[in-house]
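A.B. asks: Take a look at the following structure, please.
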There are 2 protein chains.
Amino acid sequence: MAYVDSLRVFARIIELGSITSGGRDLRMTPAVASKRIKELEKHLGVRLFNRTTRSLTPTGVGRVFYKEAKKVLASIDNAENAISQFSDTPRGVIRITTPLGFGRRVIAPLVPSFVDKFPGTEIRMRLSDRKVDILAEELDMAFFIGTPPDSNLKLRKIADCKRILCASPEYLSRMGTPSFPDDIIDGLHNCLLLRYPRSPEYFWTVKTNNGSQKLNVSGKYDADDNDVLTKWALLGHGIINKPHFEMEDYIKNGKLIEVLPSNPPIPSIIGCLYPHKKLQDPKMIYFMDHIINNCNPIFQFKD
Amino acid sequence: MAYVDSLRVFARIIELGSITSGGRDLRMTPAVASKRIKELEKHLGVRLFNRTTRSLTPTGVGRVFYKEAKKVLASIDNAENAISQFSDTPRGVIRITTPLGFGRRVIAPLVPSFVDKFPGTEIRMRLSDRKVDILAEELDMAFFIGTPPDSNLKLRKIADCKRILCASPEYLSRMGTPSFPDDIIDGLHNCLLLRYPRSPEYFWTVKTNNGSQKLNVSGKYDADDNDVLTKWALLGHGIINKPHFEMEDYIKNGKLIEVLPSNPPIPSIIGCLYPHKKLQDPKMIYFMDHIINNCNPIFQFKD
DNA sequence: AATACTTTCAACAATATGTTGAAAATGATT
DNA sequence: AATCATTTTCAACATATTGTTGAAAGTATT
């Protein structure tokens, strides 16, 4: 019996609330997922779900078994991870999360070559500009751009990331081109900010002749998706503060113009966070190495 | 993939030291056990054993994975036990150990009817007169006759067990029939004792007019198997101190004669030991109930 | 060198698993 | 109330996996 598989679907079904979607998440047809649950129920001799065709709720036993099943699955993961530390080649699935722009432009292009190089591996990417809790979401590593959040995770720095303030020519001619940092604070310009629940208070820090200066910027709208901000900027709605490598093309073809070129934002750090205990797992190291060794041509700016 | 099965054989193979015996222990042919290990190794991408046809030693990884595999298996047991507490009918395998005579005469006859009554169950009996560590050997319950060993196990008393001293007529006519308790101490008679490594110092306690008396008995040979003792007694080699129900037939047909009938040994307790945490598991309660409710006709003496 | 035992293999048989399309059920919508 | 869109489940079939058997190969022990 594919007992472990059954436990996996079972857990997923509880988490996603339906047999169909739980099954889909593990790439099995509803029929199979359904059969798996029936097998499990038969094996255990109890009913795990109360189900109608339109609703599915776990029974009391189901809820208890879910907790236990998660422990079983965790201990299996554990066992297999213990193994992969012995093997010198990386193996297993790597679940990563990255910011949208960075993920799309830097990580995603490097994924296929990694999996090709190490056939025992699989990558699951989750792209999001929101802060994700990699422990709660059972991820292996989180890439980030910005200031490293302090947490009990291990950090590996990948590169410094030059940032740039920019806006569309149309916006600048309409609203005026700022000459000094102070020209964009206190709502004088519409600064497009990334914001999500519990995002830190926002200010931009720019270089000046005598060090750096914190700018209290604000804008009339925000979003939790960097691509939305970029679109807004391109449409002439405001100023954005973005990694240089993402804006490069727009600057070159004149869609966007650098703002305050003598006062660029201080660079942020591109890095990767992961739980301590995964440090010995070769897949982790190999994947980070792969990213670090191959992302330079994409940044090509190394200041 | 029968992943869990693979883990089980793997663990058993490590414990028993060979693929053949590990497989046999789980009722699979050597060919299957071998295939299972190969699957596991392929799945994990590491070699678990160094093997020649005549010797099998786990690799370093193998030893590590063994520890992890045991944890996985334990968590599976845990999960399933959590379930069986919800089910009102007993389910699962019950691993018991009993003394030889008691097991053969009392427990064994009641096993088939139990399994018939509760089709979800299986019984694994281990018969031995030696002291067994039920936690180390991963057993569910241990029946015993005698004084309850003090341990951190829970005890359920099943019955008092009348004991009897007896010897063959031939022995008694040759060596003389003792009239008083003092006649059998200090090596005056060959008392056949059950002894095994770390068995307690031995004495027999008999009833007297004014309470009880400890008798310092000894014999020229002993064994760790009660049936051997019985055979010796039948062949006229000495006096034994045994549960009444086991000797009944021999007394009736004259093969053995009760010794010191007015000073019988104090009764010992028949009971059952089990780990606390298994208390809620219905299979445990049901099995003990079944034994207790059905063993009386076998004892039929209830004094 | 012969023996006895263990592991492994190949070929086959028996089981189990996954797929597909359709049916049944139900909550939402008209 | 009737229809609709979903979801679960079923039956029949194709596919894959697992178990069996008997034989072969290898190796400590005698």
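Residue numbers start at 1 in each chain; chains themselves are named A, B, ... in the order of the structure tokens; ligands are numbered from 1 in the order shown.
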Write out, as a tab-separated table, each residue of chain C that has an atom at most 8 Å from chain B, together with the closest pair of atoms and their distance in Å to one decimal, counting only C-alpha atoms (C1' of nucleotides), rows going by chain and rising number.

C.D. replies:
residue	atom	partner	partner_atom	distance
C:DC5	C1'	B:Arg54	CA	7.4
C:DT6	C1'	B:Thr53	CA	4.9
C:DT7	C1'	B:Thr53	CA	5.0
C:DT8	C1'	B:Ala31	CA	7.3

A.B. asks: May I ask you to extract the residues of chain A within 12 Å of chain B, using only C-alpha atoms, and to give them as a ChimeraX atom specification?

C.D. replies: /A:1-7,40-48,59-92,119-121

A.B. asks: Given the selection you just returned, output its residues as a file containing C-alpha atoms, formatted as a short mmCIF file (atom, residue, chain, number, x, y, z; two decimals), in the first residue's frame.

C.D. replies:
data_model
loop_
_atom_site.label_atom_id
_atom_site.label_comp_id
_atom_site.auth_asym_id
_atom_site.auth_seq_id
_atom_site.Cartn_x
_atom_site.Cartn_y
_atom_site.Cartn_z
CA MET A 1 0.00 0.00 0.00
CA ALA A 2 1.24 3.44 -0.81
CA TYR A 3 0.76 4.33 2.79
CA VAL A 4 2.98 7.37 2.84
CA ASP A 5 1.31 8.77 -0.23
CA SER A 6 -2.02 8.29 1.46
CA LEU A 7 -0.82 10.23 4.46
CA LEU A 40 -6.77 4.91 4.74
CA GLU A 41 -10.16 4.85 6.37
CA LYS A 42 -10.46 1.14 5.80
CA HIS A 43 -7.00 0.54 7.12
CA LEU A 44 -7.59 2.60 10.24
CA GLY A 45 -11.13 1.43 10.70
CA VAL A 46 -12.46 4.93 11.25
CA ARG A 47 -14.10 7.65 9.23
CA LEU A 48 -11.69 10.51 8.60
CA THR A 59 -14.15 14.20 11.80
CA GLY A 60 -12.72 14.40 15.29
CA VAL A 61 -10.55 11.41 14.56
CA GLY A 62 -9.57 13.00 11.30
CA ARG A 63 -8.28 16.04 13.07
CA VAL A 64 -6.32 13.99 15.55
CA PHE A 65 -4.91 11.79 12.84
CA TYR A 66 -3.93 14.84 10.88
CA LYS A 67 -1.65 15.97 13.68
CA GLU A 68 -0.12 12.55 13.93
CA ALA A 69 0.21 12.19 10.19
CA LYS A 70 2.11 15.46 10.05
CA LYS A 71 4.51 14.11 12.62
CA VAL A 72 5.00 10.98 10.60
CA LEU A 73 5.66 12.97 7.46
CA ALA A 74 8.04 15.24 9.32
CA SER A 75 9.97 12.29 10.64
CA ILE A 76 10.19 10.84 7.15
CA ASP A 77 11.55 14.15 5.87
CA ASN A 78 13.96 14.10 8.72
CA ALA A 79 15.14 10.61 7.92
CA GLU A 80 15.67 11.42 4.29
CA ASN A 81 17.45 14.65 5.08
CA ALA A 82 19.74 12.80 7.43
CA ILE A 83 20.63 10.64 4.47
CA SER A 84 21.22 13.38 1.99
CA GLN A 85 23.89 14.76 4.28
CA PHE A 86 25.88 11.64 3.55
CA SER A 87 25.41 11.71 -0.11
CA ASP A 88 27.74 14.18 -1.75
CA THR A 89 25.32 15.01 -4.50
CA PRO A 90 22.26 17.08 -3.76
CA ARG A 91 18.96 15.25 -3.78
CA GLY A 92 15.36 15.91 -2.99
CA PRO A 119 18.95 15.03 -11.65
CA GLY A 120 18.00 13.95 -8.13
CA THR A 121 16.58 17.36 -7.34
#

A.B. asks: Please provide the set of residues having any atom within 9 Å of stretch 14-27 of chain C, restricted to only C-alpha atoms (C1' of nucleotides), with same-chain residues fewer than 3 positions apart removed, written as a list in words.

C.D. replies: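 Here the answer would be Met1, Met28, Thr29, Ala31, Val32, Thr52, Thr53, Arg54 and Ser55 of chain A; DT6, DT7, DT8, DT9, DC10, DC13, DA14, DT15, DA16, DT17, DT18 and DG19 of chain D.
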
A.B. asks: Can you pull out every residue within 7 Å of stretch 150-165 of chain B, counting only C-alpha atoms (C1' of nucleotides), but drop anything in the same chain fewer than 4 positions away, and send it as a PyMOL selection string?

C.D. replies: chain B and resi 239-244+258-259+264-276+292

A.B. asks: Let me see the file: selected residues, N, CA and C atoms, as a short mmCIF file (atom, residue, chain, number, x, y, z; two decimals), in the first residue's frame.

C.D. replies:
data_model
loop_
_atom_site.label_atom_id
_atom_site.label_comp_id
_atom_site.auth_asym_id
_atom_site.auth_seq_id
_atom_site.Cartn_x
_atom_site.Cartn_y
_atom_site.Cartn_z
N ILE B 239 11.35 -32.28 43.79
CA ILE B 239 10.08 -31.65 44.16
C ILE B 239 9.95 -30.32 43.40
N ILE B 240 8.77 -30.07 42.90
CA ILE B 240 8.54 -28.80 42.24
C ILE B 240 7.44 -28.01 42.92
N ASN B 241 7.52 -26.71 42.72
CA ASN B 241 6.54 -25.78 43.26
C ASN B 241 5.90 -25.11 42.05
N LYS B 242 4.67 -25.52 41.77
CA LYS B 242 4.08 -25.09 40.50
C LYS B 242 2.65 -24.63 40.71
N PRO B 243 2.14 -23.84 39.77
CA PRO B 243 0.72 -23.50 39.84
C PRO B 243 -0.12 -24.76 39.86
N HIS B 244 -1.15 -24.72 40.68
CA HIS B 244 -2.02 -25.89 40.83
C HIS B 244 -2.62 -26.33 39.50
N GLU B 258 0.92 -34.73 45.83
CA GLU B 258 1.13 -33.47 46.52
C GLU B 258 2.03 -33.69 47.73
N VAL B 259 2.96 -32.78 47.90
CA VAL B 259 3.90 -32.83 49.02
C VAL B 259 3.47 -31.79 50.04
N PRO B 264 0.69 -25.80 51.90
CA PRO B 264 0.85 -25.43 50.47
C PRO B 264 1.59 -24.11 50.35
N PRO B 265 2.25 -23.87 49.24
CA PRO B 265 2.89 -22.57 49.00
C PRO B 265 1.83 -21.48 49.00
N ILE B 266 2.23 -20.30 49.41
CA ILE B 266 1.25 -19.21 49.33
C ILE B 266 0.95 -18.97 47.85
N PRO B 267 -0.31 -18.60 47.59
CA PRO B 267 -0.67 -18.44 46.18
C PRO B 267 0.11 -17.29 45.55
N SER B 268 0.37 -17.41 44.30
CA SER B 268 0.99 -16.28 43.62
C SER B 268 -0.06 -15.58 42.77
N ILE B 269 0.33 -14.49 42.27
CA ILE B 269 -0.62 -13.66 41.53
C ILE B 269 -0.43 -13.89 40.04
N ILE B 270 -1.53 -14.05 39.37
CA ILE B 270 -1.48 -14.04 37.92
C ILE B 270 -1.88 -12.66 37.47
N GLY B 271 -1.09 -12.07 36.65
CA GLY B 271 -1.39 -10.70 36.27
C GLY B 271 -0.82 -10.36 34.92
N CYS B 272 -0.99 -9.13 34.62
CA CYS B 272 -0.60 -8.68 33.30
C CYS B 272 0.02 -7.30 33.44
N LEU B 273 1.16 -7.11 32.84
CA LEU B 273 1.86 -5.83 32.89
C LEU B 273 1.82 -5.16 31.53
N TYR B 274 1.68 -3.85 31.53
CA TYR B 274 1.68 -3.13 30.25
C TYR B 274 2.06 -1.68 30.48
N PRO B 275 2.57 -1.04 29.45
CA PRO B 275 2.99 0.35 29.60
C PRO B 275 1.78 1.26 29.84
N HIS B 276 1.96 2.24 30.69
CA HIS B 276 0.86 3.15 31.02
C HIS B 276 0.16 3.68 29.79
N ILE B 292 -9.51 -12.54 31.06
CA ILE B 292 -10.04 -12.64 32.41
C ILE B 292 -11.42 -13.30 32.41
#

A.B. asks: Between D:DT30, D:DA11, D:DA2, D:DA25, which residue has the minimum interatomic distance to C:DA2, considering only C-alpha atoms (C1' of nucleotides)?

C.D. replies: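 Of D:DT30, D:DA11, D:DA2, D:DA25, the one nearest C:DA2, counting only C-alpha atoms (C1' of nucleotides), is D:DT30.
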
A.B. asks: Ranking A:Ala33, A:Leu256, A:Met141, A:Ile123 by minimum distance to chain D and counting only C-alpha atoms (C1' of nucleotides), which one comes first?

C.D. replies: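 Smallest separation from chain D among the options: A:Ala33.
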
A.B. asks: Can you pull out every residue within 12 Å of D:DG22, counting only C-alpha atoms (C1' of nucleotides), but drop anything in the same chain fewer than 4 positions away, and send it as a PyMOL selection string?

C.D. replies: (chain B and resi 31) or (chain C and resi 9-12)

A.B. asks: List every residue of stretch 113-277 of chain A that DSSP, applied to the backbone of this structure, assigns to helix (DSSP H, G or I), and report them as JSON, numbers by chain.

C.D. replies: {"A": [113, 114, 115, 116, 117, 169, 170, 171, 172, 173, 174, 175, 181, 182, 183, 184, 226, 227, 228, 229, 230, 231, 232, 233, 234, 244, 245, 246, 247, 248, 249, 250, 251, 252, 276, 277]}

A.B. asks: Restrict the selected residues to C-alpha atoms and save them as a PDB file, in the first residue's frame.

C.D. replies:
ATOM      1  CA  SER A 113      20.229  24.311 -15.387  1.00  0.00           C
ATOM      2  CA  PHE A 114      20.413  23.330 -11.732  1.00  0.00           C
ATOM      3  CA  VAL A 115      17.925  20.521 -12.079  1.00  0.00           C
ATOM      4  CA  ASP A 116      19.689  19.383 -15.215  1.00  0.00           C
ATOM      5  CA  LYS A 117      23.001  19.306 -13.414  1.00  0.00           C
ATOM      6  CA  PRO A 169       9.587  61.225 -18.422  1.00  0.00           C
ATOM      7  CA  GLU A 170       5.942  62.122 -18.649  1.00  0.00           C
ATOM      8  CA  TYR A 171       5.581  62.132 -14.862  1.00  0.00           C
ATOM      9  CA  LEU A 172       8.696  64.229 -14.372  1.00  0.00           C
ATOM     10  CA  SER A 173       7.738  66.841 -16.897  1.00  0.00           C
ATOM     11  CA  ARG A 174       4.288  67.057 -15.354  1.00  0.00           C
ATOM     12  CA  MET A 175       5.346  67.106 -11.695  1.00  0.00           C
ATOM     13  CA  PRO A 181      16.454  64.725  -1.747  1.00  0.00           C
ATOM     14  CA  ASP A 182      14.201  67.034   0.179  1.00  0.00           C
ATOM     15  CA  ASP A 183      12.162  67.591  -2.978  1.00  0.00           C
ATOM     16  CA  ILE A 184      10.497  64.202  -2.711  1.00  0.00           C
ATOM     17  CA  ASN A 226       6.385  45.111  -7.008  1.00  0.00           C
ATOM     18  CA  ASP A 227       5.282  44.581 -10.578  1.00  0.00           C
ATOM     19  CA  VAL A 228       2.225  46.670  -9.959  1.00  0.00           C
ATOM     20  CA  LEU A 229       4.480  49.447  -8.712  1.00  0.00           C
ATOM     21  CA  THR A 230       6.634  49.192 -11.799  1.00  0.00           C
ATOM     22  CA  LYS A 231       3.585  49.379 -14.046  1.00  0.00           C
ATOM     23  CA  TRP A 232       2.380  52.434 -12.207  1.00  0.00           C
ATOM     24  CA  ALA A 233       5.726  54.111 -12.657  1.00  0.00           C
ATOM     25  CA  LEU A 234       5.764  53.279 -16.344  1.00  0.00           C
ATOM     26  CA  HIS A 244      18.953  48.701 -10.576  1.00  0.00           C
ATOM     27  CA  PHE A 245      19.014  45.448 -12.499  1.00  0.00           C
ATOM     28  CA  GLU A 246      15.265  45.429 -12.792  1.00  0.00           C
ATOM     29  CA  MET A 247      15.056  48.941 -14.167  1.00  0.00           C
ATOM     30  CA  GLU A 248      18.068  48.805 -16.426  1.00  0.00           C
ATOM     31  CA  ASP A 249      16.139  48.079 -19.590  1.00  0.00           C
ATOM     32  CA  TYR A 250      13.582  50.788 -18.955  1.00  0.00           C
ATOM     33  CA  ILE A 251      16.309  53.347 -18.359  1.00  0.00           C
ATOM     34  CA  LYS A 252      18.117  52.332 -21.549  1.00  0.00           C
ATOM     35  CA  HIS A 276      20.128  26.417  10.675  1.00  0.00           C
ATOM     36  CA  LYS A 277      19.552  22.748  10.708  1.00  0.00           C
TER      37      LYS A 277
END

A.B. asks: One number please: atom CA of B:Arg195 to atom CA of B:Val217, in Å, one decimal.

C.D. replies: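 Between atom CA of B:Arg195 and atom CA of B:Val217 the gap is 12.9 Å.
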
A.B. asks: Check which residues of chain D sit at most 7 Å from chain B using only C-alpha atoms (C1' of nucleotides), and return one row each with the closest pair of atoms and their distance in Å to one decimal, ordered by chain and rising number, as CSV.

C.D. replies:
residue,atom,partner,partner_atom,distance
D:DG19,C1',B:Val32,CA,6.9
D:DG26,C1',B:Thr53,CA,5.9
D:DT27,C1',B:Arg54,CA,5.8
D:DA28,C1',B:Arg54,CA,6.6

A.B. asks: Calculate how many Å separate atom CA of A:Ile96 from atom CA of A:Met125, rounding to one decimal.

C.D. replies: 5.1 Å

A.B. asks: Taking only stretch 204-235 of chain B into account, list the residues labelled strand (DSSP E or B) by DSSP (computed from the backbone), as a ChimeraX atom specification.

C.D. replies: /B:204-208,211-215,222-223

A.B. asks: For the selection just defined, write its residues with C-alpha atoms to a file, as a PDB file, in the first residue's frame.

C.D. replies:
ATOM      1  CA  TRP B 204       9.583 -21.096  48.733  1.00  0.00           C
ATOM      2  CA  THR B 205       7.027 -19.575  51.091  1.00  0.00           C
ATOM      3  CA  VAL B 206       4.457 -21.994  52.504  1.00  0.00           C
ATOM      4  CA  LYS B 207       1.452 -21.577  54.716  1.00  0.00           C
ATOM      5  CA  THR B 208       1.694 -22.750  58.288  1.00  0.00           C
ATOM      6  CA  GLY B 211       1.095 -17.643  59.061  1.00  0.00           C
ATOM      7  CA  SER B 212       3.747 -18.388  56.528  1.00  0.00           C
ATOM      8  CA  GLN B 213       7.293 -19.662  56.515  1.00  0.00           C
ATOM      9  CA  LYS B 214      10.103 -19.015  54.097  1.00  0.00           C
ATOM     10  CA  LEU B 215      11.900 -22.187  53.127  1.00  0.00           C
ATOM     11  CA  ASP B 222      17.849 -26.033  37.638  1.00  0.00           C
ATOM     12  CA  ALA B 223      16.653 -24.721  34.316  1.00  0.00           C
TER      13      ALA B 223
END

A.B. asks: Considering only C-alpha atoms (C1' of nucleotides), return as a list in words whatever protein or nucleic-acid residues lie within 9 Å of B:Asp225, sequence-local ones (same chain, fewer than 5 positions apart) excluded.

C.D. replies: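 So, after excluding close chain neighbours, the residues are Leu100, Ser128, Asp129, Arg130, Leu194, Arg195 and Tyr196 of chain B.
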
A.B. asks: Could you please determine the separation between atom CA of A:Pro109 and atom CA of A:Leu135 in Å, to one decimal place?

C.D. replies: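 Value for the atom CA of A:Pro109-atom CA of A:Leu135 distance: 25.4 Å.
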